Amino acid sequence: MRADRLVAALLLLQTRGRVTAAELAAELETSVATARRDLESLSAAGIPVYPQAGRGGGWSLVGGARTDLTGLNAAETRALFLLLGRAGTATPELTSALRKLVRALPATFRADAEAATQAVVSDPAGWGEAGREHPVPHESLQSAVVRRVKVRLAYNGQERLVDPLGLVDKDGIWYLIADTPKGRRTFRVDRITEAVITDQPAERPEDFDLAAEWSRTVEQMEQRRSLVTAEVLIDARFLPVLRSHFGRHCEVVATEPGGRVRARVAAHMPRAIAEQLAGWGAMVEVIEPRSVRDELARIGRELTSRYAES
C-alpha cells in the first residue's frame, strides 16, 4: 500500500538524514521511479523533504537526521497525517502504525494529527451499490510480492504457477500483475479461488515499474473496449454529461452551428453504444454508423411494443 511506503520513506529519511531514490527503492523493494514519486509526494504534501543535485546529493529531511517525528512543525504534521489518513482505515496494521506515529509527536501537535487522520473517509461504492470487501487472497498475494516468491493460483478452473509482480487497486477492484510461462498476465483477484504461496523464488525484471505496466494494461483493455465508434450530434451544454457516460471514449470532433457539437463515442459493440444513448431520446442524434442507428431503432420498437397504448 502506498501509505505504508510513505511512512517508511519518511522514517528512513529521519534515520539517515539523506537518501537517494535508488537507495530508497532498494530498501522498499520498489522501482527507482516509484521511490522518486513517493519522495515527491511527501514534498508536495508539505513535508520538508527536498532534493539536492550533484555528486553526494539525494533527498533529505530539513533539520537533520532524527529517530522520531519531533522535527515537523504543526502545518507539516497536518499535511503528513492528512495524506496518510486517506488510507488509515484500510487495515488494522496501518491504523496501528498511525497511532504510534501520533504518539511520537510533540503533545501540542497530537490533536491536529489525530483530526487529520479522521478528516477523510474513502468510500469506493457508488450510489446504490453495496460496499466492497478485499478478496480473500489479497493479503497473501501482497506478502508474496514483497517476499518475491512464486504463487500457485487457481483461476478460471486452471492452476497456474506465477511470479507475482504487483497489485493494483482500481476503483475497489484488485488486480494481480504476474509473469507466467506464457508471458505477462493480469488476474482479477476476486476471481482467484485459491492462492498458495510457495518457497520458490520469483523472478522480477530489474527495470519493472508497476505504475508504467498498469498504464500499458489499461490502454490495451480500453482499446479492446472501444472497437466500435459512433459520431453523434448533441447540444453543447449536455456534452459534460455525455462524457461522464463514456469517459475517455468520448471526444469532440467539431463544433456545429446552432450550439451543437459533433462528438465521437466508442464501446466494444454497436449495441453497447445504443444502450447508453437510448435514454437520451431526441437529445442525441447518431450520424453514423448505421449499425448503431439500427440498434437504437430496435430498442425503440421494443419499448413501443411493450408500452404504447392499445
# chains A, B, ... in the order shown; residues from 1 in each chain; ligands from 1
$ residues_around --residues "A:Gln200" --least-positions-apart "3" --cutoff "9 Å" --atoms "only C-alpha atoms" --output "list in words"
Arg148, Val149, Lys150, Val151 and Ile197 of chain A
$ residues_around --residues "A:Gln223" --least-positions-apart "3" --cutoff "10 Å" --atoms "only C-alpha atoms" --output "compact mmCIF listing (two decimals) with C-alpha atoms, in the first residue's frame"
# COMPACT_ATOMS: atom_id res chain seq x y z
CA THR A 217 -2.52 -2.73 -19.36
CA VAL A 218 -5.26 -0.13 -19.06
CA GLU A 219 -4.52 1.19 -22.53
CA GLN A 220 -4.78 -2.30 -24.02
CA SER A 226 -13.62 0.62 -27.93
CA LEU A 227 -13.68 -1.42 -31.13
CA VAL A 228 -16.80 0.41 -32.43
CA HIS A 249 -14.20 7.11 -25.06
CA ALA A 266 -16.89 4.30 -28.56
CA ALA A 267 -17.68 0.93 -27.00
CA HIS A 268 -16.97 -2.73 -27.64
$ residues_around --residues "A:Leu210" --least-positions-apart "5" --cutoff "10 Å" --atoms "only C-alpha atoms" --output "count of residues only"
11
$ residues_around --residues "A:Leu12" --least-positions-apart "6" --cutoff "9 Å" --atoms "only C-alpha atoms" --output "PyMOL selection string"
chain A and resi 18-19+24+27+67
$ residues_around --residues "A:Arg243" --least-positions-apart "4" --cutoff "12 Å" --atoms "only C-alpha atoms" --output "PyMOL selection string"
chain A and resi 234+236-239+247-252+263-266+276-277
$ write_last_selection --atoms "C-alpha atoms" --output "PDB file, in the first residue's frame"
ATOM      1  CA  ILE A 234     -25.595  16.869 -29.104  1.00  0.00           C
ATOM      2  CA  ALA A 236     -23.020  21.631 -26.210  1.00  0.00           C
ATOM      3  CA  ARG A 237     -24.445  22.091 -22.700  1.00  0.00           C
ATOM      4  CA  PHE A 238     -25.065  18.344 -22.430  1.00  0.00           C
ATOM      5  CA  LEU A 239     -21.533  17.390 -23.515  1.00  0.00           C
ATOM      6  CA  GLY A 247     -15.315   8.556 -20.053  1.00  0.00           C
ATOM      7  CA  ARG A 248     -12.165   8.544 -22.155  1.00  0.00           C
ATOM      8  CA  HIS A 249     -14.197   7.115 -25.061  1.00  0.00           C
ATOM      9  CA  CYS A 250     -15.787  10.473 -25.846  1.00  0.00           C
ATOM     10  CA  GLU A 251     -14.049  13.174 -27.872  1.00  0.00           C
ATOM     11  CA  VAL A 252     -15.250  16.326 -29.619  1.00  0.00           C
ATOM     12  CA  ALA A 263     -18.681  14.043 -30.787  1.00  0.00           C
ATOM     13  CA  ARG A 264     -17.207  10.591 -31.276  1.00  0.00           C
ATOM     14  CA  VAL A 265     -18.081   7.893 -28.720  1.00  0.00           C
ATOM     15  CA  ALA A 266     -16.889   4.303 -28.557  1.00  0.00           C
ATOM     16  CA  GLN A 276     -26.111   4.063 -23.395  1.00  0.00           C
ATOM     17  CA  LEU A 277     -27.688   6.550 -25.805  1.00  0.00           C
TER      18      LEU A 277
END
$ select_by_dssp --residues "stretch 151-249 of chain A" --states "strand (DSSP E)" --output "VMD selection string"
chain A and resid 151 to 155 158 to 170 173 to 180 183 to 188 192 to 201 228 to 235
$ closest_residue --among "A:Asp38, A:Asp199, A:Asp235, A:Glu139" --to "A:Val284" --atoms "only C-alpha atoms"
A:Asp235
